[in-house]
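**Q** Okay, so here is coords13.txt, and as you'll see once you scroll down, it has compact mmCIF, C-alpha atoms and all ligand atoms.
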```txt
# COMPACT_ATOMS: atom_id res chain seq x y z
CA MET A 1 -24.64 62.73 -70.11
CA ALA A 2 -22.09 61.26 -72.55
CA THR A 3 -20.86 63.55 -75.29
CA ALA A 4 -18.28 63.66 -78.03
CA ASN A 5 -14.64 63.83 -76.92
CA THR A 6 -14.33 67.50 -77.69
CA GLU A 7 -17.24 68.49 -75.48
CA VAL A 8 -16.51 68.59 -71.78
CA VAL A 9 -19.32 67.49 -69.48
CA LYS A 10 -19.95 70.02 -66.71
CA GLU A 11 -22.09 69.66 -63.60
CA SER A 12 -23.72 72.64 -61.85
CA SER A 13 -20.96 72.81 -59.25
CA MET A 14 -18.34 73.11 -62.01
CA LEU A 15 -20.28 75.89 -63.66
CA LYS A 16 -20.59 77.69 -60.34
CA GLN A 17 -16.88 77.35 -59.71
CA LYS A 18 -16.07 78.65 -63.17
CA ALA A 19 -18.24 81.72 -62.53
CA MET A 20 -16.56 82.30 -59.13
CA ILE A 21 -13.07 82.15 -60.65
CA ALA A 22 -14.08 84.46 -63.51
CA ARG A 23 -15.52 86.96 -61.00
CA ASN A 24 -12.33 86.92 -58.99
CA TYR A 25 -10.19 87.58 -62.07
CA ASP A 26 -12.55 90.38 -63.09
CA ALA A 27 -12.20 91.94 -59.63
CA LEU A 28 -8.41 91.60 -59.84
CA THR A 29 -8.18 93.22 -63.25
CA SER A 30 -10.48 96.09 -62.21
CA THR A 31 -8.56 97.42 -59.21
CA ALA A 32 -8.12 100.76 -60.96
CA GLU A 33 -11.92 101.13 -60.83
CA ASN A 34 -12.83 99.25 -57.64
CA GLY A 35 -9.91 100.57 -55.57
CA ARG A 36 -9.21 97.17 -53.99
CA LYS A 37 -5.71 96.31 -52.83
CA VAL A 38 -4.13 93.01 -53.86
CA ALA A 39 -2.14 90.50 -51.83
CA ALA A 40 -0.20 87.85 -53.75
CA THR A 41 0.20 84.67 -51.75
CA PHE A 42 0.71 80.92 -52.31
CA VAL A 43 -1.84 78.12 -52.00
CA PRO A 44 -0.29 76.10 -49.13
CA GLY A 45 -0.75 78.08 -45.93
CA ASN A 46 -2.80 80.80 -47.61
CA LEU A 47 -4.48 83.15 -45.16
CA ASN A 48 -7.50 83.94 -47.28
CA GLU A 49 -9.83 84.71 -44.36
CA LEU A 50 -7.29 87.14 -42.92
CA ILE A 51 -6.71 88.84 -46.28
CA MET A 52 -10.49 89.32 -46.66
CA CYS A 53 -10.59 91.08 -43.27
CA PHE A 54 -8.70 93.93 -44.95
CA ASP A 55 -10.97 94.10 -48.03
CA MET A 56 -8.02 92.90 -50.09
CA LEU A 57 -8.12 90.56 -53.07
CA ASN A 58 -6.07 87.38 -53.14
CA ASN A 59 -3.98 86.61 -56.21
CA LEU A 60 -2.32 83.18 -56.25
CA PRO A 61 0.60 82.83 -58.68
CA GLU A 62 0.41 78.99 -58.81
CA ILE A 63 -3.24 79.20 -59.85
CA ASN A 64 -2.32 81.61 -62.65
CA ALA A 65 0.36 79.16 -63.81
CA ILE A 66 -2.17 76.29 -63.73
CA GLN A 67 -4.67 78.37 -65.73
CA ASN A 68 -1.97 79.04 -68.33
CA GLY A 69 -0.97 75.37 -68.32
CA MET A 70 -4.51 74.14 -68.94
CA ARG A 71 -4.93 76.71 -71.71
CA LYS A 72 -1.66 75.46 -73.29
CA LYS A 73 -0.03 78.87 -72.92
CA SER A 74 2.58 78.00 -70.31
CA GLY A 75 5.16 76.48 -72.71
CA ALA A 76 5.90 79.80 -74.39
CA LEU A 77 5.93 81.62 -71.04
CA ILE A 78 8.45 79.14 -69.60
CA GLN A 79 10.73 79.54 -72.62
CA GLN A 80 10.49 83.30 -72.21
CA ALA A 81 11.67 82.97 -68.58
CA GLU A 82 14.49 80.65 -69.66
CA LYS A 83 15.62 83.25 -72.20
CA GLN A 84 15.82 85.67 -69.28
CA GLY A 85 18.24 83.29 -67.56
CA HIS A 86 16.03 81.05 -65.38
CA SER A 87 17.44 77.55 -65.39
CA GLU A 88 15.68 74.45 -66.75
CA ASP A 89 15.54 72.98 -63.26
CA VAL A 90 13.56 75.82 -61.71
CA CYS A 91 9.95 75.03 -60.70
CA THR A 92 7.89 75.62 -63.82
CA TYR A 93 5.17 77.46 -61.90
CA VAL A 94 7.79 80.11 -61.19
CA LYS A 95 8.91 80.33 -64.80
CA ALA A 96 5.33 80.45 -66.11
CA ASP A 97 4.68 83.34 -63.70
CA ILE A 98 7.87 85.22 -64.63
CA GLY A 99 7.11 84.64 -68.33
CA GLN A 100 3.56 85.95 -67.83
CA MET A 101 4.90 89.09 -66.21
CA SER A 102 7.35 89.70 -69.04
CA ARG A 103 4.59 89.40 -71.60
CA GLY A 104 2.25 92.04 -70.25
CA ASN A 105 1.01 90.08 -67.20
CA ILE A 106 -2.24 89.12 -68.85
CA ALA A 107 -4.87 87.39 -66.70
CA PRO A 108 -7.03 84.53 -68.06
CA ASN A 109 -9.77 87.08 -68.83
CA GLY A 110 -7.42 88.77 -71.32
CA LYS A 111 -6.92 91.90 -69.18
CA PRO A 112 -3.68 92.99 -67.47
CA MET A 113 -3.15 91.92 -63.87
CA PRO A 114 -2.46 94.69 -61.38
CA ALA A 115 0.88 94.76 -59.58
CA PRO A 116 0.41 93.34 -56.08
CA ASP A 117 0.32 95.81 -53.18
CA LEU A 118 1.70 93.15 -50.87
CA LEU A 119 3.59 89.89 -51.25
CA LEU A 120 2.41 87.79 -48.32
CA LEU A 121 4.67 84.79 -47.96
CA SER A 122 3.29 82.17 -45.66
CA TYR A 123 6.27 79.83 -45.72
CA THR A 124 5.05 76.25 -45.48
CA GLY A 125 7.88 73.91 -46.37
CA CYS A 126 8.86 74.77 -49.94
CA PHE A 127 12.03 76.83 -50.28
CA THR A 128 11.03 77.79 -53.83
CA PHE A 129 8.25 79.98 -52.40
CA MET A 130 10.85 82.23 -50.82
CA LYS A 131 13.03 82.51 -53.93
CA TRP A 132 9.92 83.11 -56.07
CA PHE A 133 8.80 86.08 -53.99
CA GLU A 134 12.34 87.44 -53.92
CA LEU A 135 12.13 87.61 -57.72
CA LEU A 136 8.70 89.24 -57.59
CA ARG A 137 9.81 91.74 -54.95
CA HIS A 138 12.68 92.72 -57.22
CA GLU A 139 10.24 93.11 -60.13
CA TYR A 140 7.39 94.96 -58.37
CA GLY A 141 9.26 96.73 -55.59
CA CYS A 142 6.14 96.33 -53.41
CA GLU A 143 5.69 95.65 -49.71
CA THR A 144 6.51 92.13 -48.50
CA VAL A 145 5.80 90.26 -45.32
CA MET A 146 6.83 86.75 -44.35
CA LEU A 147 5.14 84.39 -41.91
CA GLN A 148 7.77 81.90 -40.80
CA VAL A 149 6.10 78.55 -40.24
CA PRO A 150 8.32 75.95 -38.52
CA TYR A 151 8.62 72.64 -40.39
CA GLU A 152 6.99 69.62 -38.75
CA GLY A 153 10.39 67.92 -38.47
CA ASP A 154 9.32 65.72 -35.54
CA GLY A 155 5.89 65.05 -37.00
CA LYS A 156 3.91 67.12 -34.54
CA ILE A 157 2.79 70.65 -33.84
CA THR A 158 4.04 71.79 -30.46
CA ARG A 159 2.69 74.62 -28.33
CA ASN A 160 5.86 76.64 -28.99
CA MET A 161 5.44 76.29 -32.74
CA ARG A 162 1.84 77.47 -32.58
CA ASP A 163 2.71 80.39 -30.26
CA TYR A 164 5.54 81.44 -32.56
CA VAL A 165 3.21 81.63 -35.57
CA VAL A 166 0.45 83.42 -33.60
CA LYS A 167 2.97 85.98 -32.31
CA GLN A 168 4.05 86.77 -35.88
CA LEU A 169 0.44 87.06 -36.99
CA LYS A 170 -0.24 89.58 -34.22
CA GLU A 171 2.99 91.54 -34.37
CA VAL A 172 4.06 91.39 -38.00
CA VAL A 173 1.45 90.14 -40.47
CA ILE A 174 -1.70 91.90 -39.21
CA PRO A 175 0.03 95.29 -38.71
CA LYS A 176 1.45 95.03 -42.25
CA LEU A 177 -1.97 94.21 -43.69
CA GLU A 178 -3.46 97.17 -41.79
CA GLU A 179 -0.73 99.46 -43.10
CA VAL A 180 -1.08 98.38 -46.73
CA SER A 181 -4.89 98.29 -46.79
CA GLY A 182 -5.70 101.18 -44.46
CA VAL A 183 -8.34 98.92 -42.84
CA LYS A 184 -8.35 98.20 -39.09
CA PHE A 185 -8.28 94.53 -38.09
CA ASP A 186 -11.56 93.22 -36.65
CA ILE A 187 -11.25 89.80 -35.05
CA ASP A 188 -15.02 89.24 -35.17
CA ARG A 189 -14.93 89.60 -38.91
CA LEU A 190 -12.20 86.93 -38.98
CA ARG A 191 -14.33 84.66 -36.76
CA GLU A 192 -17.22 84.94 -39.17
CA TYR A 193 -15.07 84.00 -42.16
CA LEU A 194 -13.57 81.08 -40.22
CA ARG A 195 -17.06 79.83 -39.38
CA ASN A 196 -17.83 79.85 -43.11
CA SER A 197 -14.58 78.01 -43.80
CA ALA A 198 -15.34 75.25 -41.31
CA GLU A 199 -18.78 74.70 -42.84
CA ALA A 200 -17.35 74.33 -46.34
CA GLU A 201 -14.49 72.13 -45.07
CA GLU A 202 -16.99 69.72 -43.53
CA ASN A 203 -18.65 69.15 -46.90
CA LEU A 204 -15.34 68.92 -48.75
CA VAL A 205 -14.24 66.11 -46.43
CA TRP A 206 -17.54 64.32 -46.95
CA VAL A 207 -17.04 64.54 -50.72
CA LEU A 208 -13.44 63.28 -50.62
CA GLU A 209 -14.38 60.43 -48.26
CA SER A 210 -17.23 59.34 -50.51
CA ALA A 211 -14.45 57.59 -52.47
CA LYS A 212 -14.32 54.97 -49.68
CA HIS A 213 -17.38 53.43 -51.32
CA VAL A 214 -16.57 50.61 -53.69
CA ARG A 215 -17.60 51.85 -56.39
CA SER A 216 -16.42 55.37 -55.85
CA PRO A 217 -18.71 58.19 -57.02
CA ILE A 218 -15.73 60.52 -57.49
CA ASP A 219 -12.23 60.61 -58.85
CA ALA A 220 -10.25 62.10 -55.98
CA TYR A 221 -7.34 63.33 -58.11
CA PHE A 222 -8.52 64.49 -61.53
CA GLY A 223 -11.99 65.33 -60.25
CA GLY A 224 -10.46 66.21 -56.89
CA VAL A 225 -8.53 69.17 -58.28
CA TYR A 226 -11.84 70.79 -59.18
CA TYR A 227 -13.35 69.93 -55.79
CA ILE A 228 -10.54 71.63 -53.88
CA GLY A 229 -10.53 74.72 -56.14
CA PRO A 230 -12.65 77.09 -54.05
CA ILE A 231 -11.26 76.05 -50.67
CA LEU A 232 -7.66 76.32 -51.80
CA THR A 233 -7.91 79.69 -53.42
CA ALA A 234 -9.66 83.02 -53.03
CA PHE A 235 -12.97 81.66 -51.70
CA ARG A 236 -12.31 79.90 -48.42
CA GLY A 237 -14.37 81.76 -45.84
CA THR A 238 -16.95 83.11 -48.28
CA PRO A 239 -20.69 82.30 -48.55
CA ASP A 240 -19.92 81.38 -52.19
CA ALA A 241 -17.68 78.54 -51.02
CA ILE A 242 -20.42 77.28 -48.66
CA GLU A 243 -22.87 77.25 -51.55
CA TYR A 244 -20.40 75.54 -53.85
CA TYR A 245 -19.72 72.70 -51.40
CA ASP A 246 -23.43 72.28 -50.62
CA LEU A 247 -24.09 71.94 -54.31
CA LEU A 248 -21.20 69.58 -54.86
CA ARG A 249 -22.19 67.36 -51.93
CA GLY A 250 -25.73 67.18 -53.28
CA GLU A 251 -24.41 66.06 -56.67
CA ILE A 252 -22.20 63.37 -55.16
CA GLU A 253 -25.02 62.13 -52.89
CA GLN A 254 -27.10 61.78 -56.01
CA ARG A 255 -24.36 59.82 -57.79
CA LEU A 256 -24.02 57.51 -54.82
CA ALA A 257 -27.76 56.93 -54.66
CA GLU A 258 -27.80 56.09 -58.36
CA GLY A 259 -24.75 53.81 -58.04
CA LYS A 260 -22.79 55.92 -60.50
CA GLY A 261 -19.03 56.18 -60.76
CA PRO A 262 -17.10 59.42 -61.26
CA ILE A 263 -17.95 61.93 -63.90
CA THR A 264 -15.22 62.43 -66.50
CA PRO A 265 -14.89 64.92 -69.36
CA GLU A 266 -16.62 62.29 -71.51
CA GLY A 267 -19.48 61.56 -69.15
CA ASP A 268 -20.03 58.93 -66.46
CA MET A 269 -17.26 56.40 -66.05
CA PRO A 270 -18.80 53.06 -66.97
CA GLU A 271 -16.80 50.75 -64.68
CA GLU A 272 -14.31 50.73 -61.86
CA ARG A 273 -11.54 48.20 -62.40
CA TYR A 274 -8.66 49.64 -60.40
CA ARG A 275 -8.63 51.80 -57.30
CA LEU A 276 -5.49 53.88 -56.89
CA VAL A 277 -3.95 56.28 -54.42
CA VAL A 278 -1.84 58.99 -56.09
CA GLU A 279 1.01 61.04 -54.68
CA GLY A 280 2.24 64.20 -56.44
CA PRO A 281 0.57 67.01 -58.40
CA PRO A 282 -1.03 66.34 -61.78
CA ASN A 283 0.34 67.40 -65.12
CA TRP A 284 -1.68 70.41 -66.28
CA THR A 285 -0.64 70.89 -69.90
CA SER A 286 -2.07 67.49 -70.92
CA PHE A 287 -4.54 67.20 -68.07
CA ARG A 288 -7.39 65.72 -70.09
CA ASP A 289 -5.17 63.26 -72.02
CA PHE A 290 -3.59 62.18 -68.76
CA TRP A 291 -6.97 61.66 -67.08
CA LYS A 292 -8.23 59.73 -70.12
CA MET A 293 -5.41 57.20 -69.70
CA PHE A 294 -6.99 56.33 -66.38
CA TYR A 295 -10.70 56.33 -67.12
CA ASP A 296 -10.31 54.48 -70.43
CA ASP A 297 -8.86 51.58 -68.42
CA GLY A 298 -11.34 51.84 -65.57
CA ALA A 299 -8.79 53.28 -63.11
CA VAL A 300 -10.22 55.56 -60.43
CA VAL A 301 -8.10 57.56 -58.05
CA VAL A 302 -9.75 57.14 -54.67
CA ALA A 303 -7.37 59.32 -52.64
CA SER A 304 -4.53 61.69 -53.39
CA THR A 305 -2.13 63.82 -51.43
CA TYR A 306 -2.26 66.68 -53.93
CA THR A 307 -5.79 67.51 -52.81
CA LYS A 308 -4.29 68.13 -49.34
CA VAL A 309 -1.66 70.75 -50.30
CA GLY A 310 -3.95 73.52 -49.22
CA GLY A 311 -5.06 71.85 -45.98
CA VAL A 312 -5.30 68.35 -44.55
CA TYR A 313 -8.93 68.52 -43.50
CA ASP A 314 -9.63 64.80 -43.64
CA LEU A 315 -7.29 64.21 -40.71
CA GLY A 316 -9.54 66.39 -38.57
CA PHE A 317 -8.37 69.98 -38.88
CA ARG A 318 -11.04 72.66 -39.22
CA HIS A 319 -10.67 76.43 -39.03
CA ASP A 320 -11.99 77.39 -35.62
CA PRO A 321 -13.81 80.70 -35.01
CA ASP A 322 -13.33 80.31 -31.25
CA HIS A 323 -9.53 80.22 -31.63
CA PRO A 324 -9.05 82.34 -34.74
CA LEU A 325 -5.32 83.06 -34.80
CA GLU A 326 -4.39 79.69 -33.30
CA SER A 327 -6.37 77.90 -35.95
CA LEU A 328 -4.70 79.92 -38.72
CA ALA A 329 -1.38 78.84 -37.19
CA ASP A 330 -2.44 75.17 -37.04
CA TYR A 331 -3.65 75.37 -40.62
CA CYS A 332 -0.27 76.61 -41.87
CA LEU A 333 1.69 74.18 -39.71
CA GLY A 334 -0.38 71.21 -40.86
CA CYS A 335 -0.23 71.75 -44.64
CA TYR A 336 0.93 68.71 -46.58
CA THR A 337 4.00 70.57 -47.85
CA ASN A 338 5.01 71.22 -44.23
CA ARG A 339 4.82 67.55 -43.19
CA ASN A 340 7.86 65.29 -42.96
CA LEU A 341 8.36 62.08 -44.94
CA PRO A 342 7.26 59.66 -42.16
CA GLN A 343 4.00 61.63 -41.86
CA ARG A 344 3.47 61.44 -45.62
CA ILE A 345 4.13 57.69 -45.53
CA ASP A 346 1.63 57.22 -42.68
CA MET A 347 -0.97 59.22 -44.53
CA LEU A 348 -0.56 57.31 -47.79
CA SER A 349 -0.56 53.90 -46.04
CA LYS A 350 -3.76 54.88 -44.26
CA TYR A 351 -5.35 55.88 -47.58
CA LEU A 352 -4.36 52.57 -49.22
CA ASP A 353 -6.01 50.72 -46.39
CA GLU A 354 -9.12 52.84 -45.73
CA TYR A 355 -9.96 53.40 -49.39
CA GLN A 356 -9.36 49.72 -50.27
CA ALA A 357 -6.93 50.74 -52.99
CA ASP A 358 -5.08 48.35 -55.27
CA GLY A 359 -1.86 50.32 -55.12
CA LEU A 360 0.06 53.58 -54.99
CA LEU A 361 0.99 55.59 -58.05
CA ILE A 362 3.55 58.36 -57.78
CA ASN A 363 3.52 61.13 -60.35
CA SER A 364 6.95 62.62 -59.79
CA ILE A 365 7.21 66.18 -61.01
CA LYS A 366 10.49 67.00 -62.69
CA SER A 367 10.73 70.55 -61.45
CA CYS A 368 9.04 70.26 -58.05
CA ASN A 369 11.82 69.47 -55.63
CA SER A 370 9.57 69.93 -52.67
CA PHE A 371 7.30 67.04 -53.62
CA SER A 372 9.77 64.86 -55.51
CA ALA A 373 12.37 64.54 -52.79
CA GLY A 374 12.03 61.15 -51.13
CA GLN A 375 9.22 59.83 -53.32
CA LEU A 376 11.03 56.60 -54.23
CA LEU A 377 11.70 55.97 -50.58
CA ILE A 378 8.03 56.68 -49.82
CA MET A 379 6.95 54.16 -52.46
CA ARG A 380 9.26 51.37 -51.25
CA GLU A 381 8.27 51.87 -47.62
CA ILE A 382 4.59 51.78 -48.50
CA GLU A 383 4.98 48.64 -50.62
CA LYS A 384 6.70 47.01 -47.65
CA ARG A 385 4.05 48.08 -45.17
CA THR A 386 0.94 47.36 -47.20
CA GLY A 387 2.07 44.58 -49.56
CA LYS A 388 0.41 46.54 -52.36
CA PRO A 389 2.31 47.41 -55.56
CA GLY A 390 3.60 50.90 -56.31
CA ALA A 391 4.40 52.53 -59.63
CA PHE A 392 6.36 55.61 -60.58
CA ILE A 393 5.80 57.94 -63.51
CA GLU A 394 7.44 61.27 -64.30
CA THR A 395 5.83 64.34 -65.81
CA ASP A 396 5.89 68.07 -65.12
CA LEU A 397 3.45 70.68 -63.89
CA VAL A 398 3.12 73.20 -66.71
CA ASP A 399 6.08 72.47 -69.00
CA PRO A 400 4.69 70.57 -72.00
CA ARG A 401 8.21 69.38 -72.95
CA TYR A 402 8.12 66.94 -70.04
CA PHE A 403 4.90 65.14 -70.73
CA SER A 404 5.63 62.07 -72.83
CA ALA A 405 2.21 60.56 -73.45
CA ALA A 406 3.56 57.26 -74.86
CA ASN A 407 5.87 56.67 -71.90
CA VAL A 408 3.21 57.48 -69.33
CA LYS A 409 0.64 55.28 -71.05
CA ASN A 410 3.08 52.34 -71.27
CA ARG A 411 3.92 52.61 -67.61
CA LEU A 412 0.29 52.82 -66.59
CA GLU A 413 -0.69 49.83 -68.69
CA SER A 414 2.13 47.71 -67.25
CA TYR A 415 1.01 48.78 -63.80
CA PHE A 416 -2.60 47.80 -64.40
CA GLN A 417 -1.38 44.41 -65.69
CA MET A 418 0.69 43.98 -62.57
CA ILE A 419 -2.39 44.62 -60.42
CA GLU A 420 -4.32 42.04 -62.47
CA GLN A 421 -1.57 39.47 -62.01
CA ARG A 422 -1.52 40.05 -58.25
CA ARG A 423 -5.26 39.56 -58.18
CA SER A 424 -5.15 36.30 -60.10
CA ARG A 425 -2.35 35.00 -57.87
CA ALA A 426 -4.39 35.92 -54.79
CA ALA A 427 -7.60 34.31 -56.15
S1 LIG B 501 5.80 72.90 -53.94
FE1 LIG B 501 6.71 72.32 -55.93
S2 LIG B 501 5.33 73.21 -57.42
FE2 LIG B 501 4.92 74.27 -55.49
S3 LIG B 501 6.28 76.05 -55.53
FE3 LIG B 501 7.38 74.41 -54.47
S4 LIG B 501 8.64 73.49 -56.11
FE4 LIG B 501 7.01 74.67 -57.13
```
Translate this file's structure into structure tokens.
Ligand code: SF4

**A**
Amino acid sequence: MATANTEVVKESSMLKQKAMIARNYDALTSTAENGRKVAATFVPGNLNELIMCFDMLNNLPEINAIQNGMRKKSGALIQQAEKQGHSEDVCTYVKADIGQMSRGNIAPNGKPMPAPDLLLLSYTGCFTFMKWFELLRHEYGCETVMLQVPYEGDGKITRNMRDYVVKQLKEVVIPKLEEVSGVKFDIDRLREYLRNSAEAEENLVWVLESAKHVRSPIDAYFGGVYYIGPILTAFRGTPDAIEYYDLLRGEIEQRLAEGKGPITPEGDMPEERYRLVVEGPPNWTSFRDFWKMFYDDGAVVVASTYTKVGGVYDLGFRHDPDHPLESLADYCLGCYTNRNLPQRIDMLSKYLDEYQADGLLINSIKSCNSFSAGQLLIMREIEKRTGKPGAFIETDLVDPRYFSAANVKNRLESYFQMIEQRRSRAA
């Protein structure tokens, strides 16, 4: 269904997701009436199933920043945080969050957010997470608990690492959740949620891997950020997430059967000229303009690492109801942000090969030190290993001052020309 530029095309799965997110924000902004307690936590390593065991709601500050970015509200919030003394180099998710708090802490539904009852820091590789919650703890004066997740420095999860995380879950995190919520932990309830998670994860992987088809029925970066929404946020483990991924899989199966390419905000993408793998988060403030630079030139992202920040399911991990705490530990340990550079290089090289991509594009985020560190090295190593060309662009997450449309477009067009030249030399 092609429409005018201003009208965004939405499939049933997108509408369902929108309703789920709206319901979650409504629940969050009604805690005075519904009596629910709120845990704030970050996307990578989030323990959604565990939080649900205590009837608590999950509020994710990065998702709030993304919502503000896509609604073009984050610029003013970031400047507000800078006026309060937060430096230009600080992660802009943090500043958007601090700015939101200073301006009445208004949720996307226009109602004030409640103060969290608990800051649950599941520390998976990004130091900013810790500093961010230190600021929030100072602001809210609420309970905090930290799950220390060892970094995968040697590129593997050892028994000791897993045991260390499980021990903290048993002795620190679960008792704190019980204390804050007043609800007793029930491991069978956790098993049930984990069973739901695994079912949804299976379908998510199927959807992401559908991009191995040449022509891909999905865009695994711009479209991918919608596809990972429920599993990365407050819905992993819920029947809603199962339904969403069933619906989504059905839609993609249909696209495959009809030989269609990805859906874009302007309808079906008419042709696939370039297949790319992308490393790094997207820019949110100009998300649609950024995406358009790709689909206008027939460039499809067939795999991305950003869609793995909340869990690397395509490499085999599933939440496991038979080993509930161990699988929560493995989930946290295996998050993309917790993986070392050689692991990231292996993963990206594998994607370039298995998804028959033309090359690797890195979107380096000015204020995200966690992702940006080592990206040039990653690109050079991958070019060497695969013989495929890489390209590097720079934008930001939610700070509109760092999205230069002309620069990005020029770089992308030169890159597409480079791919063409390689093809004609190879022919
Ligand atoms: S991973 Fe990047 S974007 Fe996320 S909190 Fe850390 S610095 Fe910010």

**Q** Give me, as a ChimeraX atom specification, all polymer residues having an atom no more than 8 Å from Gly259 in chain A, counting only C-alpha atoms and skipping those fewer than 3 positions away in the same chain.

**A** /A:215,217,255-256

**Q** Range 123-151 of chain A near range 297-316 of chain A within 12 Å: what's each residue's closest atom pair and its distance in Å to one decimal, counting all atoms listed in the file, ordered by chain then ascending residue number, as JSON lines?

**A**
```
{"residue": "A:Thr124", "atom": "CA", "partner": "A:Val309", "partner_atom": "CA", "distance": 9.9}
{"residue": "A:Gly125", "atom": "CA", "partner": "A:Val309", "partner_atom": "CA", "distance": 10.8}
{"residue": "A:Cys126", "atom": "CA", "partner": "A:Val309", "partner_atom": "CA", "distance": 11.3}
```

**Q** Let's have the selection written as a PDB file, keeping the file's coordinate frame, with C-alpha atoms.

**A**
```pdb
ATOM      1  CA  THR A 124       5.050  76.250 -45.480  1.00  0.00           C
ATOM      2  CA  GLY A 125       7.880  73.910 -46.370  1.00  0.00           C
ATOM      3  CA  CYS A 126       8.860  74.770 -49.940  1.00  0.00           C
TER       4      CYS A 126
END
```

**Q** Go through A:Thr238, A:Asn109, A:Asn338, A:Asn59 and flag the residue nearest Tyr193 in chain A, using only C-alpha atoms for the distances.

**A**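 Result for the nearest residue to Tyr193 in chain A: A:Thr238.
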
**Q** Report the distance between CA of Asn283 in chain A and CA of Leu397 in chain A in Å, rounded to one decimal place.

**A**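 A separation of 4.7 Å between them.
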
**Q** Which residues form the shell of 6 Å around ligand LIG 501 (chain B) when you count all atoms listed in the file, given as an MDAnalysis selection string?

**A** chainID A and resid 91 93 126 128:129 368:371

**Q** What separation in Å, quoted to one decimal, exists between CA of Leu247 in chain A and CA of Ala220 in chain A?

**A**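 Pair CA of Leu247 in chain A / CA of Ala220 in chain A returns 17.1 Å.
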
**Q** Take the point (7.9, 82.2, -53.3) in the file's coordinates, draw a sphere of radius 10 Å around it, and report as a list of chain:residue names every protein, DNA or RNA residue with an atom inside or on it, counting all atoms listed in the file.

**A**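 Checked against the point, the hits come out as A:Ala40, A:Thr41, A:Phe42, A:Pro61, A:Glu62, A:Val94, A:Leu119, A:Leu120, A:Leu121, A:Ser122, A:Tyr123, A:Cys126, A:Phe127, A:Thr128, A:Phe129, A:Met130, A:Lys131, A:Trp132, A:Phe133, A:Glu134, A:Leu135, A:Leu136, A:Arg137.
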
**Q** Need the shell around Ala200 in chain A: protein/DNA/RNA residues with any atom at most 10 Å away, counting only C-alpha atoms. Skip same-chain ones fewer than 6 positions apart. Format as number ranges by chain?

**A** A: 194, 230-231, 236-246, 318

**Q** Please provide as a PDB file with C-alpha atoms, keeping the file's coordinate frame all residues within 10 Å of Thr31 in chain A, with the sequence filter that same-chain residues fewer than 6 positions apart are discarded (counting all atoms listed in the file).

**A**
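What ended up in result30.pdb:
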```pdb
ATOM      1  CA  LYS A  37      -5.710  96.310 -52.830  1.00  0.00           C
ATOM      2  CA  VAL A  38      -4.130  93.010 -53.860  1.00  0.00           C
ATOM      3  CA  LEU A  57      -8.120  90.560 -53.070  1.00  0.00           C
ATOM      4  CA  MET A 113      -3.150  91.920 -63.870  1.00  0.00           C
ATOM      5  CA  PRO A 114      -2.460  94.690 -61.380  1.00  0.00           C
ATOM      6  CA  ALA A 115       0.880  94.760 -59.580  1.00  0.00           C
TER       7      ALA A 115
END
```

**Q** So how far away is CA of Leu248 in chain A from CA of His213 in chain A, in Å?

**A**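 So the two atoms, CA of His213 in chain A and CA of Leu248 in chain A, lie 17.0 Å apart.
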
**Q** Write out as a ChimeraX atom specification the residues lying within 10 Å of Phe294 in chain A, counting only C-alpha atoms and excluding same-chain residues fewer than 6 positions away.

**A** /A:222,274,276,300-301,409,412-413,416

**Q** How would range 46-62 of chain A look written as a PDB file, in the first residue's frame with C-alpha atoms?

**A**
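out31.pdb written:
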```pdb
ATOM      1  CA  ASN A  46      16.952  -6.442  31.322  1.00  0.00           C
ATOM      2  CA  LEU A  47      15.312  -8.963  33.623  1.00  0.00           C
ATOM      3  CA  ASN A  48      11.764  -8.394  32.492  1.00  0.00           C
ATOM      4  CA  GLU A  49      10.507 -11.881  33.368  1.00  0.00           C
ATOM      5  CA  LEU A  50      11.922 -11.552  36.887  1.00  0.00           C
ATOM      6  CA  ILE A  51      10.441  -8.079  37.372  1.00  0.00           C
ATOM      7  CA  MET A  52       7.013  -9.422  36.323  1.00  0.00           C
ATOM      8  CA  CYS A  53       7.265 -12.125  39.010  1.00  0.00           C
ATOM      9  CA  PHE A  54       6.875  -9.313  41.550  1.00  0.00           C
ATOM     10  CA  ASP A  55       3.900  -7.656  39.803  1.00  0.00           C
ATOM     11  CA  MET A  56       6.153  -4.697  39.075  1.00  0.00           C
ATOM     12  CA  LEU A  57       6.159  -2.537  35.968  1.00  0.00           C
ATOM     13  CA  ASN A  58       9.293  -2.055  33.912  1.00  0.00           C
ATOM     14  CA  ASN A  59      10.304   1.458  32.895  1.00  0.00           C
ATOM     15  CA  LEU A  60      13.256   1.690  30.498  1.00  0.00           C
ATOM     16  CA  PRO A  61      14.957   5.105  30.361  1.00  0.00           C
ATOM     17  CA  GLU A  62      16.569   4.492  26.929  1.00  0.00           C
TER      18      GLU A  62
END
```
